[in-house]
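A short worksheet on the structure shown next.
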Amino acid sequence: MFKKVLIANRGEIAVRVIRCLRDMNIQSVAVFSDADRDSLHVRWADQAVHLPGNTAQETYLQGELILKAAKRCGADAIHPGYGFLSEQTEFSKRCAEEGITFIGPNAFAVDQMGDKVTARAVMKAAGVPVVPGGEWDDIDLGSAKVEAKKIGFPVMLKAAAGGGGKGMRLVREENQFESAFSQAQSEALGAFGDSRVYLEKYLERPRHIEVQVASDKLGTHIHLGERECSIQRRHQKVIEEAPSPAVNGELRKRLGAIAVQAAKAVNYDSVGTVEFLMDEQGDVYFLEMNTRLQVEHPVTEWITGLDLVRMQIEIAAGLPLSVAQDDVRFVGHSVECRIYAEDPQHKFRPSPGLITFLSTPSGPGVRDDSGVYQGYEVPIYYDPMISKLSTWGATREESIARMIRALDEYKIGGIAHNVEFHLRLLRHADFQAGALNTSFIDEHPELFSTNDCDHNEQVAVIAAAIKTFRDKTSSAIAFSTDQPATSEWKSAARREAARGTH
Ligand code: ADP
């Protein structure tokens, strides 16, 4: 097993990995930018190395600097977390050259799956149903238009190298196609340094369902069930849950088998996620594979009792999977809310700044994977996610009820956040009924209304607080004109003393 692991990441995921390393009695090394000097992951790691600068480009994406830090500290492995260097094979190859283990899948698997066009072709060849569309290495406008007409509008133009919900463009009508195509190409080039785009049929109101897989270096592949991530904003997940209310035992087996087939097709050898879209008819199509630890992994951990980071580390160290498919049991239900420093009432604009007050929830079935503390300043340079709150319950109703309780307990002062927005989502009848799709937030503008019960209740509480404060201060002022304000206890003690008793 590794002796010392460097975490090439920041925030909650770096803290999550450090916790696991502590459980495994492995030393940890953090890296940090100027802005992250006071971050939680730096405080918790056994050692920390400074990366000068603030932007991700200057710091967490500097593979060579990170490798140098790992060598200097004597780390024998690097955990990339998610984002940053986690799916960059140039980096994992360099780790191998330097004799440092990259805790993630082999470069071949990442290259095959990281490029969405290649991934679709590989999956199709393996007999996996993919979202109807086309896969071309590079397609010109004329042929793209012909293909779009064949697929039928609406279509989705997607960047081959895309990710993080970016680089997608919906085209509803044929006459919008030409301008959308050239815009998509230039956007793809700007964001990912690769102008290739491809086409998919746009599925109306699909559900996003993904399957967690785990594969070791000895050729064993298993799945750990599905997660539903249909509550999204701008194609980015907001709430996730496991299991999906739309998946029964039979479908779970079928999706699991497809996910394992996908993992086998690329000789996968780590934990990973195979994503699907389910259309309104219930048909399921392969979307993409994420070759890394997923943000929403805790909901799978809740229902399986497994530690996915530990699994990932053990696999990287060459150990066989610690569980067989038949030993994997799914118990209860889990839901996760991504807590962001952002303002839902103002188009979710990021709200970095000082956290002046923080009281986090706990109690039965509650887990808060946080990267912040009271007195911490959320930097402007990175993703404003501050924590992932997850709950478990014996049933979906119970885990939702616990999440509502936990969100009620969550108090964050000094910055705008989305706790109230999550509460509205969770209390929504359609959410509670499991009637989910990726357009849920857009289809429910009442989630943003400030003119509802919650708001009125808040106004009433604030008004009551002001009245109590006024009453108290006015009586204190009245009192002070007669004699100095003294506490009842002190007055009583003085009266007793005056009487000469003790
Ligand atoms: P990324 O890699 O950027 O996360 P994905 O391909 O995983 O992109 O898609 C992210 C989300 O975008 C999906 O969960 C879904 O909401 C939406 N989406 C992607 N492709 C389609 C499609 N063909 N039809 C409808 N929605 C889509």
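Order determines the names: the first chain of the structure tokens is A, the second B, and so forth; residues in each chain are numbered 1 upward, and ligands are numbered 1 upward as they are shown.
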Residue list (alpha helix (DSSP H), DSSP) for stretch 205-428 of chain A, as a PyMOL selection string: chain A and resi 249-265+297-304+308-316+396-409+419-427
Surroundings of ligand 1 up to 6 Å, based on only C-alpha atoms and all ligand atoms, as a PDB file with N, CA and C atoms, in the first residue's frame:
ATOM      1  N   MET A 156     -29.030  18.346 -30.835  1.00  0.00           N
ATOM      2  CA  MET A 156     -28.101  18.963 -29.887  1.00  0.00           C
ATOM      3  C   MET A 156     -26.730  18.938 -30.550  1.00  0.00           C
ATOM      4  N   GLY A 162     -16.051  18.213 -24.947  1.00  0.00           N
ATOM      5  CA  GLY A 162     -16.810  18.951 -23.923  1.00  0.00           C
ATOM      6  C   GLY A 162     -16.858  18.265 -22.575  1.00  0.00           C
ATOM      7  N   GLY A 163     -17.380  18.994 -21.606  1.00  0.00           N
ATOM      8  CA  GLY A 163     -17.537  18.472 -20.247  1.00  0.00           C
ATOM      9  C   GLY A 163     -18.087  19.549 -19.350  1.00  0.00           C
ATOM     10  N   GLY A 164     -18.546  19.146 -18.157  1.00  0.00           N
ATOM     11  CA  GLY A 164     -19.047  20.110 -17.180  1.00  0.00           C
ATOM     12  C   GLY A 164     -20.284  20.857 -17.662  1.00  0.00           C
ATOM     13  N   GLY A 165     -21.062  20.215 -18.530  1.00  0.00           N
ATOM     14  CA  GLY A 165     -22.298  20.830 -18.997  1.00  0.00           C
ATOM     15  C   GLY A 165     -22.060  21.949 -19.999  1.00  0.00           C
ATOM     16  N   LYS A 166     -20.790  22.119 -20.431  1.00  0.00           N
ATOM     17  CA  LYS A 166     -20.484  23.228 -21.348  1.00  0.00           C
ATOM     18  C   LYS A 166     -20.292  22.691 -22.770  1.00  0.00           C
ATOM     19  N   GLU A 200     -26.414  15.096 -31.766  1.00  0.00           N
ATOM     20  CA  GLU A 200     -27.246  14.078 -31.129  1.00  0.00           C
ATOM     21  C   GLU A 200     -28.687  14.499 -31.262  1.00  0.00           C
ATOM     22  N   LYS A 201     -29.574  13.523 -31.280  1.00  0.00           N
ATOM     23  CA  LYS A 201     -31.003  13.841 -31.210  1.00  0.00           C
ATOM     24  C   LYS A 201     -31.227  14.496 -29.853  1.00  0.00           C
ATOM     25  N   TYR A 202     -31.968  15.600 -29.814  1.00  0.00           N
ATOM     26  CA  TYR A 202     -32.276  16.215 -28.521  1.00  0.00           C
ATOM     27  C   TYR A 202     -33.460  15.474 -27.917  1.00  0.00           C
ATOM     28  N   LEU A 203     -33.243  14.862 -26.782  1.00  0.00           N
ATOM     29  CA  LEU A 203     -34.325  14.144 -26.114  1.00  0.00           C
ATOM     30  C   LEU A 203     -35.081  15.140 -25.250  1.00  0.00           C
ATOM     31  N   HIS A 208     -31.759  11.836 -16.249  1.00  0.00           N
ATOM     32  CA  HIS A 208     -30.333  11.498 -16.276  1.00  0.00           C
ATOM     33  C   HIS A 208     -30.113  10.400 -15.245  1.00  0.00           C
ATOM     34  N   HIS A 235     -27.546  22.064 -17.463  1.00  0.00           N
ATOM     35  CA  HIS A 235     -26.904  20.756 -17.676  1.00  0.00           C
ATOM     36  C   HIS A 235     -25.921  20.387 -16.581  1.00  0.00           C
ATOM     37  N   LEU A 287     -24.831   7.967 -22.759  1.00  0.00           N
ATOM     38  CA  LEU A 287     -24.517   9.377 -22.976  1.00  0.00           C
ATOM     39  C   LEU A 287     -23.006   9.579 -22.996  1.00  0.00           C
ATOM     40  N   GLU A 288     -22.349   9.182 -21.911  1.00  0.00           N
ATOM     41  CA  GLU A 288     -20.886   9.286 -21.852  1.00  0.00           C
ATOM     42  C   GLU A 288     -20.387   8.533 -20.625  1.00  0.00           C
ATOM     43  N   THR A 438     -34.778  16.460 -16.680  1.00  0.00           N
ATOM     44  CA  THR A 438     -33.671  17.427 -16.646  1.00  0.00           C
ATOM     45  C   THR A 438     -34.154  18.879 -16.829  1.00  0.00           C
TER      46      THR A 438
END
Name all residues at most 12 Å from A:Val213 (count only C-alpha atoms; drop same-chain ones fewer than 6 positions away) and give them as a PDB file with C-alpha atoms, in the first residue's frame.
ATOM      1  CA  PRO A 105      -7.787   4.559 -14.743  1.00  0.00           C
ATOM      2  CA  THR A 220     -12.889  -7.878 -12.657  1.00  0.00           C
ATOM      3  CA  HIS A 221     -15.701  -5.401 -13.311  1.00  0.00           C
ATOM      4  CA  ILE A 222     -18.727  -4.766 -11.108  1.00  0.00           C
ATOM      5  CA  HIS A 223     -21.454  -2.149 -10.891  1.00  0.00           C
ATOM      6  CA  LEU A 224     -22.685  -0.435  -7.738  1.00  0.00           C
ATOM      7  CA  GLY A 225     -26.151   0.533  -8.906  1.00  0.00           C
ATOM      8  CA  GLU A 226     -27.496   3.735 -10.351  1.00  0.00           C
ATOM      9  CA  ARG A 227     -27.893   7.354  -9.307  1.00  0.00           C
ATOM     10  CA  LEU A 255     -28.210  -0.961 -16.902  1.00  0.00           C
ATOM     11  CA  GLY A 256     -25.592  -2.557 -14.659  1.00  0.00           C
ATOM     12  CA  ALA A 257     -24.791  -5.120 -17.360  1.00  0.00           C
ATOM     13  CA  ILE A 258     -24.463  -2.373 -20.009  1.00  0.00           C
ATOM     14  CA  ALA A 259     -22.204  -0.312 -17.713  1.00  0.00           C
ATOM     15  CA  VAL A 260     -19.972  -3.316 -17.042  1.00  0.00           C
ATOM     16  CA  GLN A 261     -19.863  -3.997 -20.785  1.00  0.00           C
ATOM     17  CA  ALA A 262     -18.758  -0.390 -21.342  1.00  0.00           C
ATOM     18  CA  ALA A 263     -16.030  -0.720 -18.714  1.00  0.00           C
ATOM     19  CA  LYS A 264     -14.793  -3.986 -20.237  1.00  0.00           C
ATOM     20  CA  TYR A 268     -11.262   0.026 -17.392  1.00  0.00           C
ATOM     21  CA  ASP A 269      -9.361  -0.267 -14.105  1.00  0.00           C
ATOM     22  CA  SER A 270     -10.679   2.183 -11.511  1.00  0.00           C
ATOM     23  CA  VAL A 271     -13.985   3.544 -10.279  1.00  0.00           C
ATOM     24  CA  GLY A 272     -15.996   5.287 -12.996  1.00  0.00           C
ATOM     25  CA  THR A 273     -19.463   6.298 -14.090  1.00  0.00           C
ATOM     26  CA  VAL A 274     -21.447   5.364 -17.155  1.00  0.00           C
ATOM     27  CA  GLU A 275     -24.106   7.997 -17.870  1.00  0.00           C
ATOM     28  CA  MET A 289     -18.488   7.736 -19.361  1.00  0.00           C
ATOM     29  CA  ASN A 290     -16.754   9.777 -16.671  1.00  0.00           C
ATOM     30  CA  THR A 291     -13.388   8.221 -15.952  1.00  0.00           C
ATOM     31  CA  ARG A 292     -12.909   9.575 -12.429  1.00  0.00           C
ATOM     32  CA  LEU A 293     -14.503   9.875  -9.020  1.00  0.00           C
ATOM     33  CA  GLN A 294     -17.872  11.577  -9.379  1.00  0.00           C
ATOM     34  CA  HIS A 297     -20.356   9.431  -5.120  1.00  0.00           C
ATOM     35  CA  THR A 300     -23.770   5.363  -3.665  1.00  0.00           C
ATOM     36  CA  LEU A 308     -15.391   4.527  -3.118  1.00  0.00           C
ATOM     37  CA  MET A 311     -11.722   1.308  -3.430  1.00  0.00           C
ATOM     38  CA  GLN A 312     -10.039   3.611  -5.906  1.00  0.00           C
ATOM     39  CA  LEU A 321     -11.815  -5.547  -5.708  1.00  0.00           C
ATOM     40  CA  GLN A 325     -20.969  -8.374  -7.591  1.00  0.00           C
ATOM     41  CA  VAL A 328     -23.144  -5.742  -3.295  1.00  0.00           C
TER      42      VAL A 328
END
Any chance you could tabulate, as a tab-separated table, the residues of stretch 165-259 of chain A at most 10 Å from stretch 394-400 of chain A with each one's nearest atom pair and distance in Å to one decimal, using only C-alpha atoms, in chain and rising number order?
residue	atom	partner	partner_atom	distance
A:Glu241	CA	A:Arg396	CA	9.0
A:Ala242	CA	A:Arg396	CA	8.9
A:Pro243	CA	A:Arg396	CA	8.7
A:Ser244	CA	A:Arg396	CA	9.5
A:Pro245	CA	A:Arg396	CA	8.3
Write a file of the selected residues as an mmCIF file, in the first residue's frame, keeping N, CA and C atoms.
data_model
loop_
_atom_site.group_PDB
_atom_site.id
_atom_site.type_symbol
_atom_site.label_atom_id
_atom_site.label_comp_id
_atom_site.auth_asym_id
_atom_site.auth_seq_id
_atom_site.Cartn_x
_atom_site.Cartn_y
_atom_site.Cartn_z
ATOM 1 N N GLU A 241 -29.675 11.406 -6.385
ATOM 2 C CA GLU A 241 -30.187 10.427 -5.436
ATOM 3 C C GLU A 241 -29.895 9.008 -5.911
ATOM 4 N N ALA A 242 -29.933 8.086 -4.965
ATOM 5 C CA ALA A 242 -29.746 6.675 -5.289
ATOM 6 C C ALA A 242 -30.618 5.853 -4.332
ATOM 7 N N PRO A 243 -31.330 4.853 -4.784
ATOM 8 C CA PRO A 243 -31.524 4.505 -6.190
ATOM 9 C C PRO A 243 -32.463 5.495 -6.887
ATOM 10 N N SER A 244 -32.605 5.320 -8.218
ATOM 11 C CA SER A 244 -33.513 6.183 -8.971
ATOM 12 C C SER A 244 -34.941 5.693 -8.793
ATOM 13 N N PRO A 245 -35.893 6.631 -8.569
ATOM 14 C CA PRO A 245 -37.289 6.190 -8.460
ATOM 15 C C PRO A 245 -37.829 5.613 -9.774
#
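For the pair atom CA of A:Cys229 and atom CA of A:Met278, the separation is 11.4 Å.
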Distance criterion (only C-alpha atoms): nearest to A:Ala148 out of A:Asn175, A:Thr391, A:Gln345, A:Ser449: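 So, comparing all the options, the nearest one is A:Asn175.
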With distances taken over only C-alpha atoms, which of A:Leu319, A:Leu425, A:Leu40, A:Ala184 is nearest to A:His444?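 For A:His444, the nearest of the candidates is A:Leu425.
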Excluding A:Arg424 and residues on its chain fewer than 4 positions from it, collect all residues at most 8 Å away from it, counting only C-alpha atoms, and give them as a ChimeraX atom specification. /A:420,428,447
Within 8 Å of stretch 350-356 of chain A using only C-alpha atoms, minus same-chain residues under 3 positions, as a ChimeraX atom specification: /A:341-343,373-380,384,412-417
Output N, CA, C and O atoms of each residue in that selection to a file, as a PDB file, in the first residue's frame.
ATOM      1  N   ALA A 341     -22.166  28.660  -2.905  1.00  0.00           N
ATOM      2  CA  ALA A 341     -22.125  30.082  -2.572  1.00  0.00           C
ATOM      3  C   ALA A 341     -22.579  30.822  -3.825  1.00  0.00           C
ATOM      4  O   ALA A 341     -21.767  31.259  -4.644  1.00  0.00           O
ATOM      5  N   GLU A 342     -23.887  30.886  -4.003  1.00  0.00           N
ATOM      6  CA  GLU A 342     -24.451  31.550  -5.177  1.00  0.00           C
ATOM      7  C   GLU A 342     -25.852  32.043  -4.823  1.00  0.00           C
ATOM      8  O   GLU A 342     -26.458  31.574  -3.853  1.00  0.00           O
ATOM      9  N   ASP A 343     -26.353  32.972  -5.622  1.00  0.00           N
ATOM     10  CA  ASP A 343     -27.629  33.599  -5.281  1.00  0.00           C
ATOM     11  C   ASP A 343     -28.729  33.189  -6.260  1.00  0.00           C
ATOM     12  O   ASP A 343     -28.817  33.732  -7.362  1.00  0.00           O
ATOM     13  N   TYR A 373     -15.316  26.575   6.624  1.00  0.00           N
ATOM     14  CA  TYR A 373     -15.535  26.712   8.058  1.00  0.00           C
ATOM     15  C   TYR A 373     -15.912  28.171   8.346  1.00  0.00           C
ATOM     16  O   TYR A 373     -15.759  29.037   7.466  1.00  0.00           O
ATOM     17  N   GLN A 374     -16.387  28.428   9.559  1.00  0.00           N
ATOM     18  CA  GLN A 374     -16.746  29.803   9.927  1.00  0.00           C
ATOM     19  C   GLN A 374     -15.476  30.651   9.951  1.00  0.00           C
ATOM     20  O   GLN A 374     -14.484  30.253  10.577  1.00  0.00           O
ATOM     21  N   GLY A 375     -15.498  31.775   9.287  1.00  0.00           N
ATOM     22  CA  GLY A 375     -14.303  32.624   9.230  1.00  0.00           C
ATOM     23  C   GLY A 375     -13.517  32.407   7.940  1.00  0.00           C
ATOM     24  O   GLY A 375     -12.539  33.106   7.678  1.00  0.00           O
ATOM     25  N   TYR A 376     -13.957  31.444   7.122  1.00  0.00           N
ATOM     26  CA  TYR A 376     -13.273  31.158   5.856  1.00  0.00           C
ATOM     27  C   TYR A 376     -13.798  32.091   4.773  1.00  0.00           C
ATOM     28  O   TYR A 376     -14.982  32.415   4.751  1.00  0.00           O
ATOM     29  N   GLU A 377     -12.917  32.481   3.871  1.00  0.00           N
ATOM     30  CA  GLU A 377     -13.348  33.336   2.780  1.00  0.00           C
ATOM     31  C   GLU A 377     -13.425  32.517   1.496  1.00  0.00           C
ATOM     32  O   GLU A 377     -12.410  31.978   1.037  1.00  0.00           O
ATOM     33  N   VAL A 378     -14.632  32.396   0.933  1.00  0.00           N
ATOM     34  CA  VAL A 378     -14.805  31.634  -0.321  1.00  0.00           C
ATOM     35  C   VAL A 378     -14.131  32.427  -1.439  1.00  0.00           C
ATOM     36  O   VAL A 378     -14.514  33.570  -1.709  1.00  0.00           O
ATOM     37  N   PRO A 379     -13.098  31.837  -2.100  1.00  0.00           N
ATOM     38  CA  PRO A 379     -12.367  32.615  -3.101  1.00  0.00           C
ATOM     39  C   PRO A 379     -13.168  32.812  -4.388  1.00  0.00           C
ATOM     40  O   PRO A 379     -14.092  32.048  -4.668  1.00  0.00           O
ATOM     41  N   ILE A 380     -12.794  33.799  -5.157  1.00  0.00           N
ATOM     42  CA  ILE A 380     -13.522  34.078  -6.399  1.00  0.00           C
ATOM     43  C   ILE A 380     -13.013  33.207  -7.549  1.00  0.00           C
ATOM     44  O   ILE A 380     -13.618  33.177  -8.599  1.00  0.00           O
ATOM     45  N   PRO A 384     -17.894  27.682  -7.031  1.00  0.00           N
ATOM     46  CA  PRO A 384     -18.341  28.108  -5.693  1.00  0.00           C
ATOM     47  C   PRO A 384     -19.081  27.047  -4.866  1.00  0.00           C
ATOM     48  O   PRO A 384     -19.801  27.390  -3.944  1.00  0.00           O
ATOM     49  N   ILE A 412     -25.852  29.498   7.218  1.00  0.00           N
ATOM     50  CA  ILE A 412     -24.630  30.075   6.649  1.00  0.00           C
ATOM     51  C   ILE A 412     -24.799  31.589   6.624  1.00  0.00           C
ATOM     52  O   ILE A 412     -25.771  32.086   6.045  1.00  0.00           O
ATOM     53  N   GLY A 413     -23.883  32.311   7.241  1.00  0.00           N
ATOM     54  CA  GLY A 413     -23.993  33.770   7.265  1.00  0.00           C
ATOM     55  C   GLY A 413     -22.882  34.429   6.470  1.00  0.00           C
ATOM     56  O   GLY A 413     -21.777  33.894   6.359  1.00  0.00           O
ATOM     57  N   GLY A 414     -23.166  35.598   5.901  1.00  0.00           N
ATOM     58  CA  GLY A 414     -22.123  36.400   5.247  1.00  0.00           C
ATOM     59  C   GLY A 414     -22.138  36.300   3.735  1.00  0.00           C
ATOM     60  O   GLY A 414     -21.695  37.210   3.051  1.00  0.00           O
ATOM     61  N   ILE A 415     -22.620  35.163   3.200  1.00  0.00           N
ATOM     62  CA  ILE A 415     -22.632  34.994   1.737  1.00  0.00           C
ATOM     63  C   ILE A 415     -24.021  34.517   1.319  1.00  0.00           C
ATOM     64  O   ILE A 415     -24.737  33.923   2.124  1.00  0.00           O
ATOM     65  N   ALA A 416     -24.370  34.763   0.048  1.00  0.00           N
ATOM     66  CA  ALA A 416     -25.629  34.196  -0.461  1.00  0.00           C
ATOM     67  C   ALA A 416     -25.390  32.705  -0.718  1.00  0.00           C
ATOM     68  O   ALA A 416     -24.262  32.291  -1.007  1.00  0.00           O
ATOM     69  N   HIS A 417     -26.424  31.887  -0.573  1.00  0.00           N
ATOM     70  CA  HIS A 417     -26.287  30.440  -0.793  1.00  0.00           C
ATOM     71  C   HIS A 417     -27.614  29.869  -1.270  1.00  0.00           C
ATOM     72  O   HIS A 417     -28.635  30.565  -1.280  1.00  0.00           O
TER      73      HIS A 417
END
Selected residue, from A:Glu12, A:Asp307, A:Glu301, A:Glu87, that lies nearest to A:Gly104 when counting only C-alpha atoms: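 That would be A:Glu87, the residue with the smallest distance to A:Gly104.
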If we count only C-alpha atoms and set the cut-off at 9 Å, which residues sit around A:Pro361, ignoring sequence neighbours fewer than 5 positions away in its own chain? Please answer as a list in words. Val366, Arg367, Asp368, Leu389, Arg405, Ala406, Leu407, Asp408, Glu409, Tyr410 and Lys411 of chain A
Output for the residues just chosen: N, CA, C and O atoms as a CSV table (one decimal), in the first residue's frame:
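Heads up, here's the output in again.csv:
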chain,number,residue,atom,x,y,z
A,366,VAL,N,-27.1,11.8,8.4
A,366,VAL,CA,-26.7,13.1,7.7
A,366,VAL,C,-25.2,13.1,7.6
A,366,VAL,O,-24.5,12.8,8.5
A,367,ARG,N,-24.8,13.5,6.4
A,367,ARG,CA,-23.3,13.7,6.1
A,367,ARG,C,-23.1,15.0,5.4
A,367,ARG,O,-23.8,15.3,4.4
A,368,ASP,N,-22.1,15.7,5.8
A,368,ASP,CA,-21.8,17.0,5.2
A,368,ASP,C,-20.4,17.0,4.7
A,368,ASP,O,-19.5,17.0,5.5
A,389,LEU,N,-24.3,18.1,0.9
A,389,LEU,CA,-25.0,17.6,2.0
A,389,LEU,C,-25.7,16.3,1.5
A,389,LEU,O,-26.5,16.4,0.5
A,405,ARG,N,-35.0,18.3,7.0
A,405,ARG,CA,-34.5,18.6,8.4
A,405,ARG,C,-33.1,19.2,8.4
A,405,ARG,O,-32.8,20.2,9.1
A,406,ALA,N,-32.2,18.5,7.7
A,406,ALA,CA,-30.8,18.9,7.7
A,406,ALA,C,-30.6,20.3,7.0
A,406,ALA,O,-29.9,21.1,7.5
A,407,LEU,N,-31.4,20.6,6.0
A,407,LEU,CA,-31.3,21.9,5.3
A,407,LEU,C,-31.8,23.0,6.3
A,407,LEU,O,-31.3,24.1,6.3
A,408,ASP,N,-32.9,22.6,7.0
A,408,ASP,CA,-33.4,23.6,8.0
A,408,ASP,C,-32.3,23.9,9.1
A,408,ASP,O,-32.3,25.0,9.6
A,409,GLU,N,-31.5,22.9,9.4
A,409,GLU,CA,-30.5,23.1,10.4
A,409,GLU,C,-29.3,23.9,9.9
A,409,GLU,O,-28.5,24.4,10.6
A,410,TYR,N,-29.1,23.9,8.5
A,410,TYR,CA,-27.9,24.5,7.9
A,410,TYR,C,-28.0,26.0,7.9
A,410,TYR,O,-28.9,26.6,7.3
A,411,LYS,N,-27.1,26.7,8.7
A,411,LYS,CA,-27.1,28.1,8.7
A,411,LYS,C,-25.8,28.7,8.3
A,411,LYS,O,-24.7,28.3,8.8
From the list A:Leu423, A:Val130, A:Ile404, A:Ala317, which residue is nearest A:Asp283 when using only C-alpha atoms? A:Val130
Separation of atom CA of A:Gly11 from atom CA of A:Phe32, in Å and rounded to one decimal: 9.9 Å
Residue contacts of A:Gly74 (12 Å, only C-alpha atoms) excluding same-chain residues fewer than 6 positions away, as a CSV table (one decimal) with C-alpha atoms, in the first residue's frame:
chain,number,residue,atom,x,y,z
A,2,PHE,CA,1.1,3.6,-0.6
A,3,LYS,CA,2.9,5.4,2.2
A,4,LYS,CA,2.1,9.0,1.2
A,5,VAL,CA,-0.4,10.4,-1.3
A,6,LEU,CA,-0.5,13.9,-2.8
A,27,GLN,CA,0.2,10.2,4.9
A,28,SER,CA,-1.3,13.1,2.9
A,29,VAL,CA,0.2,16.0,1.0
A,47,GLN,CA,2.1,18.3,4.7
A,67,LEU,CA,4.8,16.3,-9.9
A,68,LYS,CA,7.8,18.1,-8.5
A,98,GLU,CA,8.3,9.7,-12.8
A,99,GLY,CA,7.5,6.4,-11.0
A,100,ILE,CA,4.4,7.9,-9.2
